[in-house]
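Student: Got a structure here, written out as structure tokens. Questions coming.
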Amino acid sequence: VHSSSPSLVRRRLTGWGRTSPALCDVLPAHSPAEIADALASAPERGVLPRGLGRSYGDLAQNGGGVVIDMTTLGGIVDLDADRGIVTARAGCSLARLLDAIVPAGWFLPVTPGTRDVTVGGAIACDIHGKNHHRDGALGQHVVSLTLLDTRGEMHTLSREATPAEFDATVGGLGLTGVVLDATLRLLPIETTTMRVDVERTNDIEDTFARLTATDHLYRYSVAWIDGRARGRRLGRSILLRGDHAGLSELPAAERSDPLAAGRGRTLAVPSWASVSPLLRGAAGDAFNELYFRRAREGRGLLEPLGPYFYPLDALQDWNRLYGRAGFLQYQFAVPFGCEREVVEILRLVSELRPVLGVLKRFGEESGPLSFPLPGWTLALDIALPVARLGPVLDRADEIVAQAGGRVYLAKDVRLREAAFAAMYPRLDEWRRTQARLDPDGRMRGDLARRLRVTERQAT
Ligand SMILES: Cc1cc2nc3c(=O)[nH]c(=O)nc-3n(C[C@H](O)[C@H](O)[C@H](O)COP(=O)(O)OP(=O)(O)OC[C@H]3O[C@@H](n4cnc5c(N)ncnc54)[C@H](O)[C@@H]3O)c2cc1C
């Protein structure tokens, strides 16, 4: 089936960090046939699918080329509420998925810090959550997915039947073709309440020690690091660790409706906020200080699921708080044993005055372009513009690469090609599979061009 000539709309796209805008011809996807047409008639600059644009940098844009907006092809295809298996179209947001699965007693096996991402975008980045040390990345929970390649062929991919194609597509940055739908294995929950332990640590050594000693006791674990703290307080953190509360843990009055969603009201950032950078300089210091003082330490605190997993979703378009120049997030992972390198980078990057950072321990590694590796990951938000950004982060990249670590491409907008190739040693393996699925090299995008991700011969 061929659609009539598709309606492309020229739009200026950026990632969540609002840097590096690109003019792209955007096609709202309405059917697989339309997508197949767009892939078949890709222009010189190629074609790339896009979800909700929550990757921070230039990953989901394709300047001068075509971008397929997958959010118009959403919805849930099937929910087996007895077995906890859901099939959703790639453009379905996690928010929509949660609305359907939570009342039935199920939760996402892996969730990022926002529900405003699509199933396809989450798979293309093989996203990780606060439970990576225990449950791995999202790909571990994908039963199967449907991929449409650039020759118009539809593939049902699974780890068991088609391991190479599956592993190349999960974490494959949208460059192996377009994911049309996916089937996920869900996590059973009895309530929408979380049981959380909150602890404050004094410095980075204290943070490392406590996470290492007791992380295995928690399904979810994360440390919020004060990115502005220096000297003796460098790396002081708030540990937020917990699990889903069971029915018997709820106060009696709440037991009759334990799966009440309670999404809470969404607040919008006023338009003036975008010209009034609220999170920079002294205001950022004040925000951090407030955050650290406010944290209530305690064990077994009961908290609704929404604010626990998605504290920032209550504030729509919060990225505008960083002002017109936007912001970037530097997220890297290094193997266990490289704690010294984490400290060195934290010290280096503190010059860029990051606001809050997130430190956590990762578990097992997955596909060739998947980001997590057994070790530490640290993510730091940096408001732009800032002096010495390039030299500081280039040096951080060197430290990461030498330690056998990597930078997360879903957050990246500035990594260099050589550093990228050093950080992802299984790149050639990925390229071989990608070339089979896209022999004419039609899948392209700004990040892929910048890092020469799909170059056929590695140098
Ligand atoms: C507040 C916030 C918190 C976050 N927390 C986390 C976190 O905890 N862990 C984590 O791992 N990430 C996190 N992220 C990053 C986010 O989960 C990823 O960037 C995710 O890919 C965004 O999904 P999206 O639908 O917005 O995709 P987009 O940003 O639109 O696209 C991302 C990639 O997916 C590809 N893609 C999109 N749809 C398809 C499709 N149908 N088929 C094939 N490829 C496709 C695109 O080509 C692109 O390469 C966070 C982001 C924000 C803004």
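By order in the structure tokens, chains are A, B, ...; within a chain, residues start at 1; ligands start at 1, following the order shown.
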Identify, counting only C-alpha atoms and all ligand atoms, the protein, DNA and RNA residues located within 7 Å of ligand 1, and give them as a PyMOL selection string.
Tutor: chain A and resi 15-16+48-56+59-60+70+90-91+111-114+116-122+124-130+173-175+177-180+312+410-411
Student: Check range 92-258 of chain A with DSSP on the backbone and list each residue it calls alpha helix (DSSP H), as a VMD selection string.
Tutor: chain A and resid 94 to 101 119 to 124 132 to 135 163 to 169 204 to 214
Student: Residues as selected, N, CA and C atoms, written as a short mmCIF file (atom, residue, chain, number, x, y, z; two decimals), in the first residue's frame, can you do that?
Tutor:
data_model
loop_
_atom_site.label_atom_id
_atom_site.label_comp_id
_atom_site.auth_asym_id
_atom_site.auth_seq_id
_atom_site.Cartn_x
_atom_site.Cartn_y
_atom_site.Cartn_z
N LEU A 94 4.82 6.87 27.74
CA LEU A 94 4.80 6.08 28.97
C LEU A 94 3.68 6.56 29.88
N ALA A 95 3.33 7.85 29.79
CA ALA A 95 2.22 8.38 30.59
C ALA A 95 0.93 7.63 30.25
N ARG A 96 0.69 7.47 28.96
CA ARG A 96 -0.53 6.78 28.51
C ARG A 96 -0.50 5.31 28.93
N LEU A 97 0.67 4.74 28.80
CA LEU A 97 0.83 3.33 29.19
C LEU A 97 0.53 3.17 30.68
N LEU A 98 1.08 4.07 31.49
CA LEU A 98 0.86 4.00 32.95
C LEU A 98 -0.62 4.12 33.29
N ASP A 99 -1.31 5.01 32.57
CA ASP A 99 -2.75 5.18 32.84
C ASP A 99 -3.51 3.88 32.63
N ALA A 100 -3.01 3.05 31.71
CA ALA A 100 -3.71 1.78 31.43
C ALA A 100 -3.26 0.66 32.35
N ILE A 101 -1.97 0.60 32.68
CA ILE A 101 -1.47 -0.58 33.39
C ILE A 101 -1.55 -0.47 34.91
N VAL A 119 7.42 4.88 23.73
CA VAL A 119 7.95 3.51 23.80
C VAL A 119 9.11 3.37 22.80
N GLY A 120 8.93 3.90 21.59
CA GLY A 120 9.99 3.80 20.56
C GLY A 120 11.25 4.53 20.97
N GLY A 121 11.09 5.73 21.51
CA GLY A 121 12.26 6.51 21.95
C GLY A 121 12.97 5.82 23.10
N ALA A 122 12.19 5.21 23.99
CA ALA A 122 12.77 4.52 25.15
C ALA A 122 13.57 3.29 24.70
N ILE A 123 13.06 2.60 23.69
CA ILE A 123 13.77 1.42 23.18
C ILE A 123 15.03 1.84 22.43
N ALA A 124 14.92 2.89 21.62
CA ALA A 124 16.06 3.33 20.81
C ALA A 124 17.23 3.79 21.69
N HIS A 132 18.32 -0.06 37.70
CA HIS A 132 19.22 -0.77 36.78
C HIS A 132 20.11 -1.77 37.49
N HIS A 133 20.58 -1.44 38.70
CA HIS A 133 21.49 -2.35 39.42
C HIS A 133 20.82 -3.70 39.66
N ARG A 134 19.51 -3.74 39.58
CA ARG A 134 18.78 -4.97 39.89
C ARG A 134 18.10 -5.57 38.66
N ASP A 135 17.50 -4.72 37.82
CA ASP A 135 16.65 -5.21 36.74
C ASP A 135 17.20 -4.94 35.33
N PRO A 163 18.90 -12.33 17.78
CA PRO A 163 19.67 -11.57 18.77
C PRO A 163 20.44 -10.37 18.19
N ALA A 164 21.05 -10.54 17.01
CA ALA A 164 21.88 -9.44 16.47
C ALA A 164 21.01 -8.23 16.14
N GLU A 165 19.90 -8.45 15.44
CA GLU A 165 19.03 -7.34 15.04
C GLU A 165 18.34 -6.71 16.25
N PHE A 166 17.96 -7.57 17.19
CA PHE A 166 17.30 -7.08 18.41
C PHE A 166 18.27 -6.18 19.18
N ASP A 167 19.48 -6.69 19.42
CA ASP A 167 20.46 -5.92 20.20
C ASP A 167 20.93 -4.66 19.48
N ALA A 168 20.89 -4.68 18.14
CA ALA A 168 21.30 -3.48 17.40
C ALA A 168 20.20 -2.43 17.42
N THR A 169 18.96 -2.87 17.56
CA THR A 169 17.83 -1.93 17.53
C THR A 169 17.56 -1.35 18.92
N ILE A 204 31.57 12.61 49.04
CA ILE A 204 31.50 11.60 47.99
C ILE A 204 31.91 10.21 48.49
N GLU A 205 32.93 10.16 49.37
CA GLU A 205 33.37 8.85 49.86
C GLU A 205 32.24 8.17 50.64
N ASP A 206 31.57 8.97 51.44
CA ASP A 206 30.44 8.49 52.23
C ASP A 206 29.33 7.99 51.28
N THR A 207 29.11 8.73 50.20
CA THR A 207 28.07 8.35 49.23
C THR A 207 28.42 7.01 48.58
N PHE A 208 29.65 6.89 48.09
CA PHE A 208 30.10 5.62 47.47
C PHE A 208 29.91 4.46 48.46
N ALA A 209 30.37 4.69 49.69
CA ALA A 209 30.39 3.60 50.67
C ALA A 209 28.98 3.12 50.97
N ARG A 210 28.07 4.06 51.19
CA ARG A 210 26.72 3.63 51.58
C ARG A 210 25.99 2.98 50.41
N LEU A 211 26.18 3.51 49.20
CA LEU A 211 25.50 2.89 48.05
C LEU A 211 26.04 1.48 47.84
N THR A 212 27.36 1.31 47.95
CA THR A 212 27.97 0.01 47.72
C THR A 212 27.50 -1.02 48.76
N ALA A 213 27.43 -0.56 50.00
CA ALA A 213 27.13 -1.52 51.08
C ALA A 213 25.68 -2.00 51.05
N THR A 214 24.75 -1.12 50.67
CA THR A 214 23.35 -1.50 50.90
C THR A 214 22.43 -1.39 49.69
#
Student: Contacts of range 309-311 of chain A at 12 Å or less, counting only C-alpha atoms, minus same-chain residues fewer than 6 places along, as a ChimeraX atom specification?
Tutor: /A:94-95,107-108,110-117,129-131,192-194,196,220-222,240-244,263-267,303,318
Student: Name the residues in contact with range 389-394 of chain A at a cut-off of 7 Å, using only C-alpha atoms, excluding same-chain residues fewer than 4 positions from it; report them as a ChimeraX atom specification.
Tutor: /A:348-349,352,398
Student: Please report the interatomic distance between CA of Gly337 in chain A and CA of Glu297 in chain A in Å with one decimal.
Tutor: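 The value is 28.7 Å.
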Student: Measuring atom to atom with only C-alpha atoms, identify which of A:Gly231, A:Arg12, A:Thr87, A:Arg296 is nearest to Thr183 in chain A.
Tutor: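 Result for the nearest residue to Thr183 in chain A: A:Thr87.
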Student: Skipping near chain neighbours, those fewer than 5 positions away, what residues fall within 9 Å of Val142 in chain A using only C-alpha atoms, listed as JSON, numbers by chain?
Tutor: {"A": [123, 158, 159, 182, 183, 184, 185]}
Student: Can I get the selected residues back with C-alpha atoms, as a PDB file, in the first residue's frame?
Tutor:
ATOM      1  CA  ILE A 123      13.773   1.415  23.177  1.00  0.00           C
ATOM      2  CA  SER A 158      13.321 -10.823  19.880  1.00  0.00           C
ATOM      3  CA  ARG A 159      16.428 -11.578  21.895  1.00  0.00           C
ATOM      4  CA  ALA A 182       6.751  -3.390  21.141  1.00  0.00           C
ATOM      5  CA  THR A 183       5.624  -5.993  23.651  1.00  0.00           C
ATOM      6  CA  LEU A 184       6.857  -5.482  27.222  1.00  0.00           C
ATOM      7  CA  ARG A 185       6.863  -7.633  30.327  1.00  0.00           C
TER       8      ARG A 185
END
Student: Suppose you want the space between CA of Arg353 in chain A and CA of Arg406 in chain A; what is it in Å?
Tutor: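 The value is 21.8 Å.
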Student: Which is closer to Asp438 in chain A than all the others in A:Arg255, A:Arg151, A:His30, A:His141, using only C-alpha atoms?
Tutor: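 Among the listed residues, the smallest separation from Asp438 in chain A belongs to A:Arg151.
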Student: May I have the residues within 8 Å of Gly298 in chain A as a list in words, using only C-alpha atoms and disregarding those fewer than 4 positions away in the same chain?
Tutor: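 Listed by chain and then number, they are Asp197, Val198 and Glu199 of chain A.
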Student: I'd like the interatomic distance between CA of Val342 in chain A and CA of Asp285 in chain A, to a tenth of an Å.
Tutor: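 If I compute the distance from CA of Val342 in chain A to CA of Asp285 in chain A, I get 22.0 Å.
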Student: As a PyMOL selection string, please: every residue in range 102-182 of chain A that DSSP puts in strand (DSSP E or B).
Tutor: chain A and resi 106-107+118+142-148+154-157+178-182
Student: Select, from A:Ala422, A:Ala88, A:Ala245, A:Ala401, the residue with the minimum atom-to-atom distance to Gly300 in chain A, counting only C-alpha atoms.
Tutor: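 The shortest atom-to-atom distance to Gly300 in chain A comes from A:Ala245.
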Student: Name all residues at most 6 Å from Asp203 in chain A (count only C-alpha atoms; drop same-chain ones fewer than 5 positions away) and give them as a list of chain:residue names.
Tutor: A:Arg233, A:Leu234, A:Gly235, A:Arg236
Student: Could those residues be written to a file, using all heavy atoms, as an mmCIF file, in the first residue's frame?
Tutor:
data_model
loop_
_atom_site.group_PDB
_atom_site.id
_atom_site.type_symbol
_atom_site.label_atom_id
_atom_site.label_comp_id
_atom_site.auth_asym_id
_atom_site.auth_seq_id
_atom_site.Cartn_x
_atom_site.Cartn_y
_atom_site.Cartn_z
ATOM 1 N N ARG A 233 32.905 19.125 51.291
ATOM 2 C CA ARG A 233 31.520 18.690 51.061
ATOM 3 C C ARG A 233 31.293 18.154 49.649
ATOM 4 O O ARG A 233 30.167 17.828 49.279
ATOM 5 C CB ARG A 233 30.576 19.863 51.288
ATOM 6 C CG ARG A 233 30.544 20.287 52.724
ATOM 7 C CD ARG A 233 29.817 21.593 52.829
ATOM 8 N NE ARG A 233 28.736 21.525 53.803
ATOM 9 C CZ ARG A 233 27.809 22.443 53.930
ATOM 10 N NH1 ARG A 233 27.786 23.479 53.126
ATOM 11 N NH2 ARG A 233 26.879 22.320 54.848
ATOM 12 N N LEU A 234 32.345 18.102 48.845
ATOM 13 C CA LEU A 234 32.199 17.620 47.472
ATOM 14 C C LEU A 234 31.478 16.263 47.469
ATOM 15 O O LEU A 234 31.881 15.346 48.187
ATOM 16 C CB LEU A 234 33.578 17.467 46.821
ATOM 17 C CG LEU A 234 33.556 17.099 45.324
ATOM 18 C CD1 LEU A 234 33.408 18.329 44.449
ATOM 19 C CD2 LEU A 234 34.826 16.337 44.930
ATOM 20 N N GLY A 235 30.435 16.182 46.676
ATOM 21 C CA GLY A 235 29.724 14.917 46.556
ATOM 22 C C GLY A 235 28.727 14.630 47.656
ATOM 23 O O GLY A 235 28.190 13.526 47.739
ATOM 24 N N ARG A 236 28.445 15.634 48.512
ATOM 25 C CA ARG A 236 27.421 15.388 49.548
ATOM 26 C C ARG A 236 26.099 15.098 48.820
ATOM 27 O O ARG A 236 25.812 15.701 47.772
ATOM 28 C CB ARG A 236 27.283 16.557 50.509
ATOM 29 C CG ARG A 236 26.652 17.783 49.908
ATOM 30 C CD ARG A 236 26.261 18.794 50.981
ATOM 31 N NE ARG A 236 25.714 19.986 50.335
ATOM 32 C CZ ARG A 236 25.100 20.965 50.982
ATOM 33 N NH1 ARG A 236 24.974 20.922 52.283
ATOM 34 N NH2 ARG A 236 24.631 22.009 50.325
#
